[in-house]
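Notes for the one structure printed next.
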Amino acid sequence: MPYNFTEIDKKWQSYWSEKGTFKADHSSDKPKYYVLDMFPYPSGAGLHVGHPLGYIASDIYTRYKRNKGFNVLHPMGYDAFGLPAEQYAIQTGQHPAVTTNENIKRYREQLDKIGFSFDWSREVLTCDPKYYKWTQWAFTQMFEHYYDEAQDKAMPISKLVEHFSEKGSAGIQAHGNEPMEFSAEQWQSFDEAKRDQILQNYRMAYLDDVPVNWCPALGTVLANDEVKDGLSERGGHPVEQKVMRQWCLRVSAYAKRLLEGLEKLDWSDSIKEVQKNWIGRSEGAQVSFQVKEGDLSFDIFTTRPDTIFGVTFMVLAPESDYVAQVTTPQQKEAVEQYLQACKKKSQKEREMDVKTVSGVFTGAYCIHPFTKKEIPIWIGDYVLGGYGTGAIMAVPAHDSRDHAFAKQFELPIIPVVQGEGTDRVQEESYDAKSGKMINSDFLDGKKVKEAIKTMIYKIEEMKLGTKQVNYRLRDAIFSRQRYWGEPFPVYYKDGRPQMLELNELPLELPEVDKYLPTETGEPPLGRAKNWKTKEDLPFELSTMPGFAGSSAYYLRYMDPHNEEALVSKEANEYWRNVDLYVGGTEHATGHLIYSRFWNKFLYDLGHVCEDEPFKKLLNQGMIQGRSNFVYRLKEDKNKYVSLGLKDKYETQELHVDVNIVSNDILDRDAFRSWRPEFKDAEFICEEKEGKEIYICGSAVEKMSKSKFNVVNPDIIADKYGADTLRCYEMFLGPVEQSKPWNTNGIEGVYRFLVKFWNLYHDGDQLKISEEAPSAEELKVLHTVIKKATQDIESFSFNTTVSALMIATNELSKLKCNKREILEPLAIILSPYAPHTAEELWSLLGHKESISIAPWPEFNEKYLIESNFNYPVSFNGKMRFLLELPIDMGKEEIEKAVLSHEDSQKWIEGKTIKKVIIVPKKIVNIVVG
RNA sequence: GCCGCAGUGGUGAAAUUGGUAGACACGCUAGACUUAGGAUCUAGUGCCUUUGGCGUGGGGGUUCAAGUCCCUCCUGCGGCACCA
């Protein structure tokens with residue numbers, strides 16, 4: 001039988017789907033393992049070769065784990081809400097659901113062709129009302145809970161109300177937007193609206209007027225992680241700042257737990273680092289400064305309390321509430337002017353001219369808590385309103401930004417740390433946290449780190465302030481003024497938001513006549529006819545953002561058809577959380593933070609049993625496109641010159657479809673029939689080995705339709721078979737690495753599969769011997785068992801392919817066709833090339849799928865050799881190899897080495913200083 | 001500016017984690033078979049001034065031994081960015 005991959009692929013793909021081979025069930029005695037891929041957004045361009053890279057890796061691991069006896073959950077679905085389908089709807093009027101379903105169909109066909117072992121019975125679509133019912137439900141729960149800092153978990157809002165009516169705000173340790181103070185009597189006297197307003201300050205999902213990233217081109221707000229360099233991540237449209245009333249999620253309440261949780265996770269250092277930066281913990285002190293006139297005081301946050309004796313001025317953010325309270329009548333006009341100028345600057349401009357220093361004096365002074373000197377209070381836009389307290393103490397000697405400000409406005413610079421370069425503090429600040437304190441009273445002579453500790457202690461002792469930890473992580477803005485997203489389960493009664501009950505969910509997305517905002521500027525949902533509650537109350541018109549649907553989808557896969565709960569207790573307690581999560585790094589500050597937050601929230605409420613959703617994270621690299629070019633003559637637009645000769649002509653570079661180029665050699669006939677305008681193309685070719693060929697230029701670029709460098713995996717699967725595609729994508733290099741796609745080596749991988757196939761065949765006949773294998777054959781087998789097992793366990797899938805290639809070559813040299821060797825070998829191949837392996841397995845006479853065959857046991861005894869080559873070195877230089885029995889003792893080795901004739905010339909006339917024997921490695925002799 | 005990661009043949013990359021650098025594959029060279037080869041097989045292929053020497057971005061260090069550990073510089077990629 002020849003290796004007919006087309007038939008084999010088709011045969012086994014339909015076998016798996018008919019038999020439901022990969023269906024997972026939580027009533028199983030086997031240990032569980034959950035392998036998850038980041039589900040794709042089904043875009044119109046279809047799947048390209050970059051997508052399956054991660055899917056292949058996770059599928060290999062899944063299949064391996066099944067062979068290892070695990071009950072593996074490996075589901076797939078679609079992140080189906082999103083902007084592109086909506087943009088398309090705006091242009092064409094076609095309902096986004098229609099576009100989305102078409103794209104999903106195409107994705108499914110492409111995915112099926114690669115032979116993944118997904119359990120499709122668990123498929124989820126985020127745009128399916130049965131699914132988003134639970135997204136909406138989670139939102140209502142967030143509305144009904146607040147974050148209790150004393151217990152460090154989310155608690156029902158009713159507990160807070162109880163506390164307020166009994167004790168007022170006293171003793172409340174709840175995470176809120178701003179501190180509030182009222183008594184129990186006051187609370188009881190407040191009306192509904194006032195109470196609502198107070199509770200919004202604490203709810204996990206709350207309404208607030210917040211400065212948002214408004215994208216006019218998309219007509220919606222965007223979260224911080226959806227904005228890159230002042231442009232929208234999707235579409236690259238300009239983004240501006242605007243204050244709007246929005247739903248927000250109190251992600252910041254979980255900052256500490258999100259940061260600490262990272263420690264337990266088996267994620268790459270780089271992605272942990274990105275999340276750490278994004279959460280941005282900084283430790284320091286909050287210190288209160290007394291304003292000179294009146295009894296006003298204000299708080300600042302600093303990470304350098306040790307430098308407090310170096311403070312020469314204070315700076316308030318322009319947005320700070322203190323500005324108005326502090327400014328003296330004389331300075332009022334100047335300050336007003338400055339604030340106006342700041343307002344005009346957009347966020348982008350403010351980011352752009354970081355270098356220009358601007359500010360204004362308030363006219364007010366405060367009193368230094370230790371020296372009791374007067375310190376001027378300034379306003380400067382380098383201080384941010386949203387971080388810390390919106391006010392700082394400026395130490396120009398030891399902070400470069402304060403230094404620039406001091407230089408600009410000729411304020412004094414007092415050094416308080418002595419270190420290398422501190423003699424130049426008038427010209428340049430010394431920011432390093434090392435050196436000894438000077439000019440600092442009781443801190444003098446202490447090292448910086450010690451001084452920080454001492455100072456915080458002193459500050460707390462003198463009741464000037466407290467030790468404080470600040471986080472950069474902000475709350476997530478959760479409203480989008482868009483159509484194609486989850487509707488909020490919210491309606492308004494007298495302008496106050498009300499949640500729908502679980503039995504009223506899902507609140508389905510209504511039909512609209514157009515997907516644009518209304519004439520009055522309301523979101524598209526404002527166009528929905530009669531979209532009101534039974535009591536005729538209006539629903540919220542914005543929809544949820546893209547990350548809403550992807551925040552808990554891994555939980556839904558555990559129990560996708562449950563209509564009573566997001567996930568049943570039994571299913572959740574069996575599957576628990578994701579053991580291996582595979583996806584790109586681009587979600588580090590978005591999805592991967594939000595779903596950790598979402599999961600922790602559900603954990604606090606007792607709906608899930610694990611605190612972290614994804615135990616191990618594997619980040620696959622991006623596959624870039626490799627574009628090819630042809631060079632068209634400028635004077636004759638029908639002639640194309642080969643790369644090597646193009647310098648002799650005036651040419652124009654044109655992208656050419658990479659699918660008609662092989663190893664940079666153009667298929668000229670295919671080019672002529674590619675597009676009508678090339679039908680009569682002529683070529684100026686190069687000669688190689690007496691053959692006329694046309695060589696194309698190349699470049700690495702992002703894969704995109706317009707560059708004709710998109711390679712669809714199904715094309716490769718058609719040409720070489722799914723198994724060659726799978727092995728080749730792995731063979732390309734480590735999964736984590738980004739690399740350009742090229743098919744240069746694919747022939748080699750294909751040849752390997754043919755050779756592997758031929759191991760089992762003699763000509764066209766299957767030929768398997770029942771003879772016992774030789775020691776040599778067993779050694780080849782066990783080498784590959786060891787290597788493959790280690791590699792897969794450590795996710796280095798590329799080297800397993802190499803190991804299989806070596807084994808195949810050696811076995812074919814040995815003409816080995818023993819069942820005892822070839823059966824286990826097929827199992828080792830099966831995660832990589834499942835179709836080929838299944839076919840061979842059934843040819844070997846097995847009735848059951850290879851996917852449940854036990855992974856071959858490794859036995860060290862077949863690898864142990866009787867002799868070992870000891871490299872012998874003199875003074876570190878390797879001089880010869882000496883073959884000795886492996887079980888020889890240290891003294892015997894030393895004796896054998898020194899008595900060896902080659903040793904004599906190195907030892908002659910010298911004294912032996914040292915003999916070092918590294919077991920099973922090397923013998924070193926130091927002579928001198 | 002700060003933080004993190006990486007740098008190995010013509011190419012993609014290996015290296016048992018401190019122990020014979022370049023496995024495996026592509027490409028290239030030569031040969032065999034063939035009417036033919038973009039098929040298959042065999043051999044060779046890090047570099048050089050080749051009885052030897054040099055080689056893992058540059059320089060220095062630790063060690064009997066360094067691609068691997070330490071210091072420093074250079075280059076590339078990613079993240080954060082007036083976060084006090």
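Every chain in the structure tokens has a letter given in the order shown (A, B, ...), and although residue numbers restart at 1 in each chain, ligands are simply numbered from 1 in the order shown.
Assigned to strand (DSSP E or B) in segment 470-612 of chain A, given DSSP computed from backbone atoms, are Asn470, Tyr471, Ala476, Ile477, Arg480, Pro487, Val490, Tyr491, Tyr492, Lys493, Arg496, Pro497, Gln498, Met499, Lys532, Pro538, Phe539, Thr543, Val578, Asp579, Leu580, Tyr581, Val582 and Gly583 of chain A.
Within 10 Å of Pro31 of chain A, once only C-alpha atoms (C1' of nucleotides) are used and residues closer than 4 positions along the same chain are dropped, the contacting residues are His26, Gly69, Phe70, Asn71, Val72, Tyr574 and Trp575 of chain A.
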Could you give me, as a Markdown table, a per-residue list for chain B showing, wherever an atom lies at most 9 Å from an atom of chain A, the closest pair of atoms and their distance in Å to one decimal, using only C-alpha atoms (C1' of nucleotides) and sorting by chain then residue number from low to high?
```
| residue | atom | partner | partner_atom | distance |
| --- | --- | --- | --- | --- |
| B:C3 | C1' | A:Glu273 | CA | 8.0 |
| B:G4 | C1' | A:Ser270 | CA | 5.9 |
| B:C5 | C1' | A:Ser270 | CA | 7.0 |
| B:G12 | C1' | A:Leu732 | CA | 6.1 |
| B:A13 | C1' | A:Gly733 | CA | 6.5 |
| B:A14 | C1' | A:Thr799 | CA | 7.6 |
| B:G19 | C1' | A:Lys921 | CA | 6.0 |
| B:U20 | C1' | A:Pro871 | CA | 6.9 |
| B:A23 | C1' | A:Ser802 | CA | 8.5 |
| B:C24 | C1' | A:Ser802 | CA | 4.8 |
| B:A25 | C1' | A:Gly748 | CA | 6.3 |
| B:C26 | C1' | A:Gly745 | CA | 4.8 |
| B:G27 | C1' | A:Asn744 | CA | 8.9 |
| B:C64 | C1' | A:Gly876 | CA | 5.1 |
| B:A65 | C1' | A:Gly876 | CA | 5.7 |
| B:G78 | C1' | A:Ser270 | CA | 8.6 |
| B:G79 | C1' | A:Val274 | CA | 5.8 |
| B:C80 | C1' | A:Asn277 | CA | 6.3 |
| B:C82 | C1' | A:Tyr382 | CA | 4.7 |
| B:C83 | C1' | A:Tyr387 | CA | 6.3 |
| B:A84 | C1' | A:Thr302 | CA | 5.6 |
```
Near-segment 626-630 of chain A list (6 Å; only C-alpha atoms (C1' of nucleotides); drop same-chain fewer than 2 positions) as a count of residues only:
13
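Relative to atom CA of Val212 of chain A, atom CA of Gly380 of chain A is found at 21.8 Å.
Of the listed residues B:U45, B:U72, B:U40, B:U17, the one whose atoms come nearest to G60 of chain B is B:U72, with distances taken using only C-alpha atoms (C1' of nucleotides).
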#### Entry: Who sits within 6 Å of Arg632 of chain A, only C-alpha atoms (C1' of nucleotides), same chain under 6 positions skipped, as a PyMOL selection string
chain A and resi 639-640+651-652
**Request:** Enumerate, as a PyMOL selection string, the complete set of residues in segment 479-700 of chain A that a backbone-based DSSP assignment places in alpha helix (DSSP H).
**Result:** chain A and resi 546-550+553-556+569-575+591-604+668-674
Close residues, segment 824-828 of chain A itself excluded, 10 Å, only C-alpha atoms (C1' of nucleotides), min 3 positions apart in chain, as a ChimeraX atom specification: /A:63-64,67,756-757,760,781-782,784-785,788-789,800,804,807-808,819-821,831-834,836-841,844,850-857
Quick one: everything within 7 Å of segment 160-177 of chain A, counting only C-alpha atoms (C1' of nucleotides), minus sequence neighbours fewer than 5 positions away in the same chain. Send it as a VMD selection string.
chain A and resid 147 to 150 182 to 184 187 to 188 201 to 202 253
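We find atom CA of Tyr557 of chain A and atom CA of Asp119 of chain A to be spaced 9.8 Å apart.
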